[in-house]
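For reference, final-v9.txt (compact mmCIF, C-alpha atoms):
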```
# COMPACT_ATOMS: atom_id res chain seq x y z
CA MET A 870 -9.14 23.14 -6.47
CA LYS A 871 -7.86 22.98 -2.90
CA ARG A 872 -7.26 19.69 -1.14
CA ILE A 873 -7.29 19.06 2.61
CA LEU A 874 -5.66 16.70 5.05
CA PHE A 875 -8.02 16.28 8.01
CA ILE A 876 -5.48 15.13 10.60
CA ASP A 877 -6.34 13.47 13.90
CA ARG A 878 -4.17 14.31 16.92
CA ASP A 879 -4.08 11.57 19.60
CA GLY A 880 -2.72 8.30 18.20
CA THR A 881 -1.77 10.00 14.93
CA LEU A 882 0.54 12.90 15.77
CA ILE A 883 1.20 11.83 19.35
CA GLU A 884 0.89 8.44 21.00
CA GLU A 885 -2.30 7.88 22.95
CA PRO A 886 -2.02 6.63 26.57
CA ALA A 887 -4.29 4.00 28.10
CA ASP A 888 -6.58 6.61 29.71
CA GLU A 889 -6.86 8.43 26.33
CA GLN A 890 -6.01 11.82 27.84
CA ILE A 891 -2.79 13.74 27.17
CA ASP A 892 -3.08 15.93 30.25
CA SER A 893 0.55 16.07 31.33
CA PHE A 894 3.96 16.39 29.70
CA GLU A 895 4.95 13.01 31.12
CA LYS A 896 2.43 11.34 28.78
CA LEU A 897 3.59 13.16 25.68
CA LYS A 898 5.37 11.16 22.99
CA PHE A 899 5.27 11.86 19.28
CA VAL A 900 4.43 9.09 16.81
CA LYS A 901 7.43 7.67 14.98
CA GLY A 902 8.12 9.33 11.64
CA VAL A 903 5.65 12.18 12.07
CA PHE A 904 8.17 15.04 11.91
CA ARG A 905 10.11 14.03 8.83
CA ASN A 906 7.12 12.94 6.80
CA LEU A 907 4.60 15.60 7.74
CA ALA A 908 7.21 18.30 7.12
CA PHE A 909 7.91 16.71 3.72
CA ILE A 910 4.20 16.74 2.87
CA ARG A 911 3.85 20.36 4.01
CA GLU A 912 6.82 21.45 1.91
CA LYS A 913 6.24 19.42 -1.25
CA LEU A 914 2.45 19.25 -1.60
CA ASP A 915 -0.42 21.71 -1.68
CA PHE A 916 -2.75 20.21 0.94
CA GLU A 917 -4.25 22.45 3.60
CA PHE A 918 -3.73 21.00 7.10
CA VAL A 919 -6.79 20.85 9.36
CA MET A 920 -6.50 19.19 12.76
CA VAL A 921 -9.74 17.51 13.87
CA SER A 922 -9.65 16.01 17.35
CA ASN A 923 -12.16 14.61 19.84
CA GLN A 924 -11.20 15.55 23.42
CA ASP A 925 -13.74 13.82 25.64
CA GLY A 926 -15.10 16.14 28.32
CA LEU A 927 -12.61 18.93 27.73
CA GLY A 928 -13.50 21.76 30.12
CA THR A 929 -15.23 19.48 32.64
CA ASP A 930 -13.95 18.20 35.98
CA SER A 931 -12.76 15.00 34.27
CA PHE A 932 -10.53 16.94 31.86
CA PRO A 933 -9.84 20.52 33.02
CA GLU A 934 -8.66 22.88 30.31
CA ASP A 935 -5.62 23.98 32.29
CA THR A 936 -4.21 20.44 31.93
CA PHE A 937 -4.91 20.35 28.18
CA TRP A 938 -3.71 23.63 26.69
CA PRO A 939 -0.10 23.72 27.95
CA VAL A 940 0.60 20.30 26.40
CA HIS A 941 -1.42 21.06 23.28
CA ASN A 942 0.37 24.34 22.68
CA PHE A 943 3.73 22.64 23.17
CA ILE A 944 2.75 20.05 20.54
CA LEU A 945 1.91 22.82 18.07
CA GLN A 946 5.11 24.74 18.83
CA THR A 947 7.25 21.62 18.41
CA LEU A 948 5.60 20.77 15.09
CA GLU A 949 5.98 24.36 13.90
CA GLY A 950 9.68 24.18 14.68
CA GLU A 951 9.86 21.37 12.12
CA GLY A 952 7.96 23.35 9.49
CA ILE A 953 4.56 21.82 10.25
CA THR A 954 1.72 24.31 10.71
CA PHE A 955 -2.04 23.93 10.60
CA ASP A 956 -4.47 26.08 8.66
CA GLU A 957 -7.18 25.39 11.23
CA LEU A 958 -7.58 23.59 14.55
CA LEU A 959 -10.94 21.95 15.25
CA ILE A 960 -11.47 20.38 18.68
CA ASP A 961 -14.69 18.81 19.88
CA PRO A 962 -15.10 18.58 23.70
CA HIS A 963 -18.19 16.33 23.86
CA PHE A 964 -18.47 12.88 25.41
CA PRO A 965 -19.58 10.05 23.10
CA GLU A 966 -22.93 9.78 24.86
CA ASP A 967 -23.69 13.41 23.98
CA ASN A 968 -24.20 12.36 20.34
CA ALA A 969 -22.98 15.77 19.23
CA SER A 970 -23.05 16.52 15.50
CA THR A 971 -19.55 17.98 15.83
CA ARG A 972 -17.94 14.87 17.29
CA LYS A 973 -16.13 12.56 14.88
CA PRO A 974 -17.18 10.57 12.95
CA ASN A 975 -19.97 13.12 12.56
CA THR A 976 -19.07 15.99 10.26
CA GLY A 977 -20.40 19.11 11.99
CA LEU A 978 -16.94 20.65 12.45
CA VAL A 979 -15.97 20.30 8.78
CA GLU A 980 -19.21 20.92 6.89
CA LYS A 981 -18.01 24.34 5.79
CA TYR A 982 -15.29 22.58 3.77
CA MET A 983 -17.70 19.99 2.42
CA LYS A 984 -20.07 22.68 1.14
CA ASN A 985 -17.38 24.92 -0.31
CA PRO A 986 -16.96 24.32 -4.09
CA GLU A 987 -13.37 25.58 -3.89
CA TYR A 988 -12.35 22.33 -2.19
CA ASP A 989 -11.69 18.99 -3.90
CA ILE A 990 -13.15 16.85 -1.16
CA ALA A 991 -13.04 13.61 -3.16
CA ASN A 992 -9.24 13.86 -3.37
CA SER A 993 -8.75 15.03 0.20
CA TYR A 994 -7.83 12.65 3.04
CA VAL A 995 -8.52 11.90 6.66
CA ILE A 996 -5.37 10.74 8.43
CA GLY A 997 -6.05 8.95 11.69
CA ASP A 998 -5.50 5.82 13.73
CA ARG A 999 -8.99 4.43 14.37
CA GLU A 1000 -11.89 2.90 12.52
CA THR A 1001 -13.89 6.02 13.41
CA ASP A 1002 -11.42 8.04 11.33
CA ARG A 1003 -12.17 5.80 8.36
CA ILE A 1004 -15.90 6.30 8.95
CA PHE A 1005 -15.30 10.04 9.32
CA ALA A 1006 -13.64 10.09 5.89
CA ARG A 1007 -16.53 8.15 4.39
CA ASN A 1008 -19.02 10.59 5.90
CA ILE A 1009 -17.08 13.54 4.48
CA GLY A 1010 -16.75 11.88 1.08
CA CYS A 1011 -12.96 11.76 1.00
CA LYS A 1012 -10.24 9.12 1.28
CA SER A 1013 -8.60 7.81 4.44
CA LEU A 1014 -5.16 6.63 5.56
CA VAL A 1015 -5.29 4.84 8.91
CA LEU A 1016 -2.08 4.24 10.85
CA ASN A 1017 -3.24 1.06 12.58
CA ASP A 1018 -3.85 -0.66 9.24
CA GLU A 1019 -1.25 -3.34 8.53
CA GLY A 1020 1.75 -1.83 6.77
CA MET A 1021 0.57 1.77 7.22
CA SER A 1022 3.04 4.23 8.76
CA TRP A 1023 3.93 7.88 8.36
CA ASP A 1024 6.54 6.78 5.82
CA LYS A 1025 3.84 5.04 3.78
CA ILE A 1026 1.40 7.94 4.16
CA ALA A 1027 3.96 10.41 2.80
CA GLU A 1028 4.78 8.04 -0.06
CA ILE A 1029 1.14 7.62 -1.08
CA LEU A 1030 0.36 11.33 -0.88
CA PHE A 1031 3.51 12.34 -2.78
CA ALA A 1032 3.84 9.63 -5.41
CA GLY A 1033 0.34 8.16 -5.56
CA GLU A 1034 -1.14 4.74 -4.95
CA ARG A 1035 0.26 2.04 -7.21
CA THR A 1036 -2.81 0.12 -8.23
CA ALA A 1037 -3.90 -1.24 -11.57
CA GLU A 1038 -6.70 -3.27 -13.10
CA VAL A 1039 -6.65 -5.32 -16.29
CA LYS A 1040 -9.49 -7.11 -18.03
CA ARG A 1041 -8.54 -9.43 -20.88
CA THR A 1042 -11.16 -11.35 -22.83
CA THR A 1043 -10.47 -13.67 -25.76
CA LYS A 1044 -12.26 -16.66 -27.27
CA GLU A 1045 -10.20 -18.81 -24.93
CA THR A 1046 -10.10 -16.91 -21.63
CA ASP A 1047 -11.88 -14.23 -19.61
CA ILE A 1048 -9.52 -12.63 -17.08
CA HIS A 1049 -9.91 -9.88 -14.48
CA ILE A 1050 -6.87 -8.84 -12.42
CA LYS A 1051 -6.34 -6.11 -9.83
CA VAL A 1052 -3.05 -5.37 -8.11
CA ASN A 1053 -1.94 -3.01 -5.36
CA LEU A 1054 1.86 -2.97 -5.18
CA ASP A 1055 1.72 -1.32 -1.75
CA GLY A 1056 -0.76 -3.73 -0.21
CA THR A 1057 -0.47 -6.20 2.66
CA GLY A 1058 -0.60 -9.54 0.84
CA LYS A 1059 -4.36 -9.98 0.56
CA CYS A 1060 -5.24 -12.44 -2.20
CA ASP A 1061 -8.42 -13.41 -4.01
CA ILE A 1062 -7.36 -15.90 -6.68
CA SER A 1063 -9.40 -18.30 -8.78
CA THR A 1064 -8.18 -19.75 -12.07
CA GLY A 1065 -9.81 -23.18 -12.01
CA LEU A 1066 -6.38 -24.76 -11.36
CA GLY A 1067 -5.79 -25.34 -7.67
CA PHE A 1068 -2.00 -25.62 -7.78
CA PHE A 1069 -1.75 -22.56 -10.04
CA ASP A 1070 -3.90 -20.60 -7.55
CA HIS A 1071 -1.54 -21.71 -4.77
CA MET A 1072 1.51 -20.48 -6.71
CA LEU A 1073 -0.06 -17.14 -7.63
CA GLU A 1074 -0.97 -16.61 -3.97
CA GLN A 1075 2.75 -16.82 -3.14
CA ILE A 1076 3.32 -13.73 -5.30
CA GLY A 1077 0.79 -11.69 -3.34
CA LYS A 1078 1.57 -13.02 0.11
CA HIS A 1079 5.37 -12.92 -0.02
CA GLY A 1080 5.50 -9.89 -2.29
CA MET A 1081 3.27 -7.90 0.11
CA MET A 1082 0.97 -6.86 -2.71
CA ASP A 1083 -2.80 -7.20 -2.82
CA LEU A 1084 -3.73 -9.45 -5.71
CA MET A 1085 -7.08 -10.34 -7.22
CA ILE A 1086 -6.99 -12.79 -10.14
CA HIS A 1087 -10.17 -14.25 -11.60
CA THR A 1088 -9.61 -16.40 -14.68
CA LYS A 1089 -12.14 -18.45 -16.61
CA GLY A 1090 -10.41 -20.45 -19.33
CA ASP A 1091 -11.08 -23.29 -21.72
CA LEU A 1092 -9.89 -25.97 -19.31
CA GLU A 1093 -11.99 -28.49 -21.22
CA VAL A 1094 -9.32 -28.12 -23.95
CA ASP A 1095 -6.25 -27.97 -21.68
CA GLU A 1096 -4.47 -25.68 -19.21
CA HIS A 1097 -2.32 -23.80 -21.74
CA HIS A 1098 -4.49 -20.75 -22.45
CA THR A 1099 -5.48 -20.24 -18.81
CA ILE A 1100 -1.86 -20.16 -17.61
CA GLU A 1101 -0.44 -18.15 -20.52
CA ASP A 1102 -3.16 -15.48 -20.61
CA THR A 1103 -3.10 -15.06 -16.82
CA ALA A 1104 0.65 -14.43 -17.02
CA ILE A 1105 0.18 -11.85 -19.77
CA ALA A 1106 -2.57 -9.99 -17.91
CA LEU A 1107 -0.65 -10.10 -14.60
CA GLY A 1108 2.47 -8.72 -16.29
CA GLU A 1109 0.45 -5.90 -17.87
CA CYS A 1110 -1.11 -5.11 -14.50
CA ILE A 1111 2.25 -4.92 -12.70
CA LEU A 1112 3.71 -2.75 -15.46
CA THR A 1113 0.76 -0.33 -15.28
CA ALA A 1114 0.90 -0.16 -11.47
CA LEU A 1115 4.61 0.71 -11.58
CA GLY A 1116 3.75 3.94 -13.38
CA ASN A 1117 6.78 6.14 -14.10
CA LYS A 1118 9.07 3.90 -11.99
CA ARG A 1119 10.57 6.89 -10.18
CA GLY A 1120 12.16 6.06 -6.85
CA ILE A 1121 11.93 2.26 -7.24
CA GLU A 1122 14.79 -0.04 -6.32
CA ARG A 1123 14.41 -1.68 -9.78
CA TYR A 1124 16.27 -4.91 -8.97
CA GLY A 1125 15.56 -7.93 -6.78
CA TYR A 1126 16.55 -11.56 -6.01
CA SER A 1127 16.35 -15.07 -4.13
CA LEU A 1128 15.75 -17.74 -1.43
CA PRO A 1129 16.08 -21.41 -0.37
CA MET A 1130 13.14 -23.76 0.30
CA ASP A 1131 13.97 -26.98 2.13
CA ASP A 1132 16.11 -29.06 -0.26
CA CYS A 1133 15.88 -26.47 -3.05
CA LEU A 1134 17.81 -23.32 -3.82
CA CYS A 1135 15.86 -20.93 -6.00
CA SER A 1136 17.25 -17.75 -7.47
CA VAL A 1137 15.04 -15.17 -9.16
CA ALA A 1138 16.88 -12.03 -10.20
CA LEU A 1139 14.86 -9.37 -12.01
CA ASP A 1140 15.22 -5.93 -13.48
CA PHE A 1141 12.38 -3.55 -14.34
CA GLY A 1142 14.61 -1.98 -16.97
CA GLY A 1143 12.02 -2.07 -19.72
CA ARG A 1144 13.76 -4.79 -21.73
CA PRO A 1145 12.03 -8.19 -21.41
CA TRP A 1146 14.27 -11.25 -21.30
CA LEU A 1147 13.99 -14.64 -19.64
CA VAL A 1148 16.81 -16.94 -18.58
CA TRP A 1149 15.33 -20.27 -17.38
CA ASP A 1150 17.52 -22.83 -15.66
CA ALA A 1151 15.16 -25.28 -13.99
CA GLU A 1152 14.26 -28.86 -14.92
CA PHE A 1153 11.29 -30.89 -13.76
CA LYS A 1154 11.00 -34.69 -13.92
CA ARG A 1155 7.27 -34.91 -13.26
CA GLU A 1156 4.77 -34.22 -16.03
CA LYS A 1157 2.38 -32.39 -13.71
CA ILE A 1158 2.29 -30.87 -10.24
CA GLY A 1159 -1.33 -30.77 -9.22
CA GLU A 1160 -3.27 -29.96 -12.38
CA MET A 1161 -0.44 -27.80 -13.75
CA PRO A 1162 1.81 -29.23 -16.49
CA THR A 1163 5.46 -28.58 -15.63
CA GLU A 1164 6.14 -27.61 -19.25
CA MET A 1165 3.96 -24.53 -18.63
CA PHE A 1166 6.21 -23.12 -15.90
CA LEU A 1167 8.71 -21.73 -18.42
CA HIS A 1168 5.85 -20.47 -20.58
CA PHE A 1169 4.25 -18.66 -17.61
CA PHE A 1170 7.44 -16.80 -16.70
CA LYS A 1171 8.24 -15.98 -20.33
CA SER A 1172 4.78 -14.45 -20.81
CA LEU A 1173 5.05 -12.59 -17.49
CA SER A 1174 8.49 -11.22 -18.37
CA ASP A 1175 7.36 -10.04 -21.80
CA ALA A 1176 4.19 -8.34 -20.53
CA ALA A 1177 5.86 -6.66 -17.53
CA LYS A 1178 8.88 -5.65 -19.62
CA MET A 1179 11.29 -7.09 -17.10
CA ASN A 1180 14.51 -9.04 -17.32
CA LEU A 1181 13.92 -12.28 -15.42
CA ASN A 1182 16.70 -14.73 -14.55
CA ILE A 1183 15.47 -17.92 -12.86
CA LYS A 1184 17.55 -20.81 -11.55
CA ALA A 1185 16.46 -23.68 -9.32
CA GLU A 1186 18.06 -26.86 -8.05
CA GLY A 1187 16.76 -29.56 -5.74
CA GLN A 1188 14.96 -32.90 -5.55
CA ASN A 1189 11.37 -32.15 -4.56
CA GLU A 1190 9.46 -30.86 -7.59
CA HIS A 1191 6.75 -29.15 -5.52
CA HIS A 1192 9.33 -27.38 -3.39
CA LYS A 1193 11.28 -26.35 -6.45
CA ILE A 1194 8.46 -24.53 -8.23
CA GLU A 1195 7.01 -23.10 -5.02
CA GLY A 1196 10.47 -21.80 -4.15
CA ILE A 1197 10.66 -20.12 -7.56
CA PHE A 1198 7.31 -18.36 -7.06
CA LYS A 1199 8.28 -17.27 -3.54
CA ALA A 1200 11.64 -16.00 -4.78
CA LEU A 1201 9.81 -14.10 -7.52
CA ALA A 1202 7.55 -12.56 -4.89
CA ARG A 1203 10.48 -11.42 -2.73
CA SER A 1204 12.26 -10.08 -5.80
CA LEU A 1205 9.18 -8.10 -6.77
CA LYS A 1206 8.83 -6.75 -3.23
CA MET A 1207 12.43 -5.59 -3.28
CA ALA A 1208 12.37 -4.18 -6.80
CA VAL A 1209 9.15 -2.14 -6.46
CA LYS A 1210 10.14 -0.60 -3.11
CA ARG A 1211 9.95 3.16 -3.55
CA ASP A 1212 11.92 5.99 -1.90
CA ILE A 1213 10.26 9.40 -2.22
CA TYR A 1214 13.30 11.09 -0.68
CA HIS A 1215 15.35 9.90 -3.67
CA TYR A 1216 12.61 10.21 -6.25
CA GLU A 1217 14.64 9.70 -9.36
CA LEU A 1218 14.54 7.29 -12.28
CA PRO A 1219 17.01 4.49 -11.46
CA SER A 1220 18.80 4.66 -14.79
CA THR A 1221 21.69 6.60 -16.29
CA LYS A 1222 19.80 6.54 -19.60
CA GLY A 1223 16.97 8.67 -18.21
CA LEU A 1224 14.43 6.12 -19.48
CA LEU A 1225 13.10 2.75 -18.30
```
The structure in this file should be written as structure tokens.
Amino acid sequence: MKRILFIDRDGTLIEEPADEQIDSFEKLKFVKGVFRNLAFIREKLDFEFVMVSNQDGLGTDSFPEDTFWPVHNFILQTLEGEGITFDELLIDPHFPEDNASTRKPNTGLVEKYMKNPEYDIANSYVIGDRETDRIFARNIGCKSLVLNDEGMSWDKIAEILFAGERTAEVKRTTKETDIHIKVNLDGTGKCDISTGLGFFDHMLEQIGKHGMMDLMIHTKGDLEVDEHHTIEDTAIALGECILTALGNKRGIERYGYSLPMDDCLCSVALDFGGRPWLVWDAEFKREKIGEMPTEMFLHFFKSLSDAAKMNLNIKAEGQNEHHKIEGIFKALARSLKMAVKRDIYHYELPSTKGLL
């Protein structure tokens, strides 16, 4: 089945000025990254390209057509020179107050695609820069990628379309724990974490926030017994989730490492090479930090390393016990961020063995 990219123009292909009208060449500026990435998508993938653009009052005294078409045609010619062509151009000239069925986010201009069984609408995308583009996608029944979202760029759009979204979900239920975890390796650091252990929640949030991954962890454990099962099983499920989200590991950096925190120096070096191993060089003098026994720190990272199939080398020195463990979790987060970074322009397995 055919897939479509419904691509907005102003704010998406070209920057949008304050008056929201590109009616002169002086106002024309292409969005950063659009040429390289859209040409890559056009060459490597099988999406049809359909431009869908609202041009308020086009053809009226407020926006004469003779100020629109010269610039618009130049945009198309410039894009074509970079290998970027459109299968169809759809432009709606109505004002918002006209409530026209053809004006985004209404779907009048694209209903022929929606009704055509040859098209895989559910796996098509709207690419835009506004909330109305997201609503437009929802009205069509497809996905959306919105440039003004935190972390979203043409580089990220090309990566997602070419290599897929790196998300995973794990549910793990035993007699001792009930765990539900979701991860998006290409997120923005949004966290929803609840394990029943406040300090543990705080540490897990460091992984999401500083690793720039969206992380949902809901754990219900037998805390009336002790903290052991809650911490261990959460580590196992989180490791499984990260491993699943990594997928085939093509294009990833694979390795990562470290940071200081106040009086502490924390080093976390890791390798997603498929061979789990933990080196732990950190000592704690307190029995607990918050509700979390310090003896469980090693156990957490060992379980995480085993489940994610990663080599994990952790060293920490310093005086403040809180700072020491928080520094380790933050260093882990930064290591993960570095190691999972993906380059679609060098989309190879980072191994001479041909297997990770």
* To do: For segment 1014-1023 of chain A, work out the shell of residues within 10 Å, counting all atoms listed in the file and skipping chain neighbours fewer than 4 positions away, then give it as a ChimeraX atom specification.
  => /A:876,880-882,900-907,994-1003,1006,1027-1030,1055-1058,1081
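Here atom CA of Arg878 of chain A is placed at a distance of 14.1 Å from atom CA of Gln946 of chain A.
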* Just how far from atom CA of Glu1096 of chain A is atom CA of Leu1205 of chain A, in Å to one decimal? ->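 Answer for the atom CA of Leu1205 of chain A to atom CA of Glu1096 of chain A separation: 25.5 Å.
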* Near-Ser931 of chain A list (12 Å; only C-alpha atoms; drop same-chain fewer than 2 positions) as a list of chain:residue names ->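 Using only C-alpha atoms, the neighbours found are A:Asp888, A:Glu889, A:Gln890, A:Asp892, A:Gln924, A:Asp925, A:Gly926, A:Leu927, A:Gly928, A:Thr929, A:Pro933, A:Glu934, A:Asp935, A:Thr936, A:Phe937, A:Pro962, A:His963, A:Phe964.
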What's around Ile944 of chain A at 10 Å? Count all atoms listed in the file, leave out sequence neighbours fewer than 6 positions away in its own chain, and write the answer as a JSON list (two decimals) with C-alpha atoms, in the frame of the given file.
```
[["chain", "number", "residue", "atom", "x", "y", "z"],
["A", 878, "ARG", "CA", -4.17, 14.31, 16.92],
["A", 882, "LEU", "CA", 0.54, 12.90, 15.77],
["A", 883, "ILE", "CA", 1.20, 11.83, 19.35],
["A", 894, "PHE", "CA", 3.96, 16.39, 29.70],
["A", 897, "LEU", "CA", 3.59, 13.16, 25.68],
["A", 898, "LYS", "CA", 5.37, 11.16, 22.99],
["A", 899, "PHE", "CA", 5.27, 11.86, 19.28],
["A", 938, "TRP", "CA", -3.71, 23.63, 26.69],
["A", 950, "GLY", "CA", 9.68, 24.18, 14.68]]
```
* **Expected answer as an NGL selection string: all residues with atoms within 9 Å of (-2.9, -12.8, -20.1), only C-alpha atoms** => :A and (1040-1042 or 1046 or 1048 or 1098-1109 or 1172-1173 or 1176)
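Residue nearest Thr976 of chain A within the list A:Ala1177, A:Cys1133, A:Ile1004, A:Ala887: A:Ile1004 [criterion: smallest interatomic distance, all atoms listed in the file].
When atom CA of Lys913 of chain A is paired with atom CA of Glu987 of chain A, their separation reads 20.7 Å.
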* **For Ala1202 of chain A, the nearest of the candidates A:Asp1083, A:Asp1024, A:Glu966, A:Glu949, counting all atoms listed in the file** =>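 For Ala1202 of chain A, the nearest of the given residues is A:Asp1083.
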* Determine the nearest neighbour of Asn1182 of chain A from the options A:Val1137, A:Ile1213, A:Val979, A:Ile1009, counting all atoms listed in the file. => A:Val1137
* Structure fact -> Nearest to Glu1186 of chain A, restricted to only C-alpha atoms and choosing among A:Phe1153, A:Phe943, A:Phe909, A:Phe918, comes out as A:Phe1153
Mind completing segment 1077-1097 of chain A with N, CA, C and O atoms? Output as a PDB file, keeping the file's coordinate frame, please?
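File written: rebuild-v6.pdb
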```pdb
ATOM      1  N   GLY A1077       1.430 -12.711  -4.157  1.00  0.00           N
ATOM      2  CA  GLY A1077       0.790 -11.690  -3.340  1.00  0.00           C
ATOM      3  C   GLY A1077       1.269 -11.708  -1.901  1.00  0.00           C
ATOM      4  O   GLY A1077       1.660 -10.680  -1.345  1.00  0.00           O
ATOM      5  N   LYS A1078       1.265 -12.908  -1.312  1.00  0.00           N
ATOM      6  CA  LYS A1078       1.570 -13.020   0.110  1.00  0.00           C
ATOM      7  C   LYS A1078       3.004 -12.623   0.420  1.00  0.00           C
ATOM      8  O   LYS A1078       3.271 -11.820   1.318  1.00  0.00           O
ATOM      9  N   HIS A1079       3.960 -13.173  -0.321  1.00  0.00           N
ATOM     10  CA  HIS A1079       5.370 -12.920  -0.020  1.00  0.00           C
ATOM     11  C   HIS A1079       5.889 -11.651  -0.694  1.00  0.00           C
ATOM     12  O   HIS A1079       6.948 -11.142  -0.331  1.00  0.00           O
ATOM     13  N   GLY A1080       5.135 -11.149  -1.661  1.00  0.00           N
ATOM     14  CA  GLY A1080       5.500  -9.890  -2.290  1.00  0.00           C
ATOM     15  C   GLY A1080       4.842  -8.697  -1.631  1.00  0.00           C
ATOM     16  O   GLY A1080       5.084  -7.547  -2.019  1.00  0.00           O
ATOM     17  N   MET A1081       3.999  -8.952  -0.608  1.00  0.00           N
ATOM     18  CA  MET A1081       3.270  -7.900   0.110  1.00  0.00           C
ATOM     19  C   MET A1081       2.511  -6.990  -0.848  1.00  0.00           C
ATOM     20  O   MET A1081       2.548  -5.763  -0.735  1.00  0.00           O
ATOM     21  N   MET A1082       1.840  -7.621  -1.821  1.00  0.00           N
ATOM     22  CA  MET A1082       0.970  -6.860  -2.710  1.00  0.00           C
ATOM     23  C   MET A1082      -0.405  -7.505  -2.698  1.00  0.00           C
ATOM     24  O   MET A1082      -0.534  -8.728  -2.584  1.00  0.00           O
ATOM     25  N   ASP A1083      -1.438  -6.680  -2.744  1.00  0.00           N
ATOM     26  CA  ASP A1083      -2.800  -7.200  -2.820  1.00  0.00           C
ATOM     27  C   ASP A1083      -3.051  -7.645  -4.251  1.00  0.00           C
ATOM     28  O   ASP A1083      -2.764  -6.911  -5.202  1.00  0.00           O
ATOM     29  N   LEU A1084      -3.611  -8.851  -4.390  1.00  0.00           N
ATOM     30  CA  LEU A1084      -3.730  -9.450  -5.710  1.00  0.00           C
ATOM     31  C   LEU A1084      -5.082 -10.127  -5.867  1.00  0.00           C
ATOM     32  O   LEU A1084      -5.451 -10.991  -5.074  1.00  0.00           O
ATOM     33  N   MET A1085      -5.838  -9.677  -6.855  1.00  0.00           N
ATOM     34  CA  MET A1085      -7.080 -10.340  -7.220  1.00  0.00           C
ATOM     35  C   MET A1085      -6.920 -10.865  -8.644  1.00  0.00           C
ATOM     36  O   MET A1085      -6.631 -10.099  -9.561  1.00  0.00           O
ATOM     37  N   ILE A1086      -7.075 -12.174  -8.814  1.00  0.00           N
ATOM     38  CA  ILE A1086      -6.990 -12.790 -10.140  1.00  0.00           C
ATOM     39  C   ILE A1086      -8.176 -13.720 -10.321  1.00  0.00           C
ATOM     40  O   ILE A1086      -8.313 -14.714  -9.600  1.00  0.00           O
ATOM     41  N   HIS A1087      -9.033 -13.391 -11.249  1.00  0.00           N
ATOM     42  CA  HIS A1087     -10.170 -14.250 -11.600  1.00  0.00           C
ATOM     43  C   HIS A1087     -10.026 -14.639 -13.064  1.00  0.00           C
ATOM     44  O   HIS A1087     -10.094 -13.781 -13.945  1.00  0.00           O
ATOM     45  N   THR A1088      -9.794 -15.912 -13.313  1.00  0.00           N
ATOM     46  CA  THR A1088      -9.610 -16.400 -14.680  1.00  0.00           C
ATOM     47  C   THR A1088     -10.604 -17.520 -14.977  1.00  0.00           C
ATOM     48  O   THR A1088     -10.719 -18.473 -14.199  1.00  0.00           O
ATOM     49  N   LYS A1089     -11.291 -17.380 -16.081  1.00  0.00           N
ATOM     50  CA  LYS A1089     -12.140 -18.450 -16.610  1.00  0.00           C
ATOM     51  C   LYS A1089     -11.576 -18.821 -17.978  1.00  0.00           C
ATOM     52  O   LYS A1089     -11.590 -18.000 -18.900  1.00  0.00           O
ATOM     53  N   GLY A1090     -11.040 -20.030 -18.080  1.00  0.00           N
ATOM     54  CA  GLY A1090     -10.410 -20.450 -19.330  1.00  0.00           C
ATOM     55  C   GLY A1090     -10.997 -21.731 -19.867  1.00  0.00           C
ATOM     56  O   GLY A1090     -11.817 -22.392 -19.219  1.00  0.00           O
ATOM     57  N   ASP A1091     -10.559 -22.089 -21.054  1.00  0.00           N
ATOM     58  CA  ASP A1091     -11.080 -23.290 -21.720  1.00  0.00           C
ATOM     59  C   ASP A1091     -10.356 -24.528 -21.209  1.00  0.00           C
ATOM     60  O   ASP A1091      -9.656 -25.227 -21.951  1.00  0.00           O
ATOM     61  N   LEU A1092     -10.554 -24.831 -19.932  1.00  0.00           N
ATOM     62  CA  LEU A1092      -9.890 -25.970 -19.310  1.00  0.00           C
ATOM     63  C   LEU A1092     -10.375 -27.299 -19.890  1.00  0.00           C
ATOM     64  O   LEU A1092      -9.706 -28.329 -19.722  1.00  0.00           O
ATOM     65  N   GLU A1093     -11.526 -27.273 -20.568  1.00  0.00           N
ATOM     66  CA  GLU A1093     -11.990 -28.490 -21.220  1.00  0.00           C
ATOM     67  C   GLU A1093     -11.080 -28.854 -22.403  1.00  0.00           C
ATOM     68  O   GLU A1093     -11.046 -30.012 -22.846  1.00  0.00           O
ATOM     69  N   VAL A1094     -10.313 -27.860 -22.900  1.00  0.00           N
ATOM     70  CA  VAL A1094      -9.320 -28.120 -23.950  1.00  0.00           C
ATOM     71  C   VAL A1094      -8.023 -28.566 -23.287  1.00  0.00           C
ATOM     72  O   VAL A1094      -7.576 -29.681 -23.449  1.00  0.00           O
ATOM     73  N   ASP A1095      -7.384 -27.655 -22.555  1.00  0.00           N
ATOM     74  CA  ASP A1095      -6.250 -27.970 -21.680  1.00  0.00           C
ATOM     75  C   ASP A1095      -5.921 -26.725 -20.854  1.00  0.00           C
ATOM     76  O   ASP A1095      -6.675 -25.737 -20.862  1.00  0.00           O
ATOM     77  N   GLU A1096      -4.801 -26.749 -20.159  1.00  0.00           N
ATOM     78  CA  GLU A1096      -4.470 -25.680 -19.210  1.00  0.00           C
ATOM     79  C   GLU A1096      -3.705 -24.526 -19.868  1.00  0.00           C
ATOM     80  O   GLU A1096      -3.520 -23.472 -19.252  1.00  0.00           O
ATOM     81  N   HIS A1097      -3.260 -24.719 -21.108  1.00  0.00           N
ATOM     82  CA  HIS A1097      -2.320 -23.800 -21.740  1.00  0.00           C
ATOM     83  C   HIS A1097      -2.805 -22.348 -21.758  1.00  0.00           C
ATOM     84  O   HIS A1097      -2.122 -21.433 -21.288  1.00  0.00           O
TER      85      HIS A1097
END
```
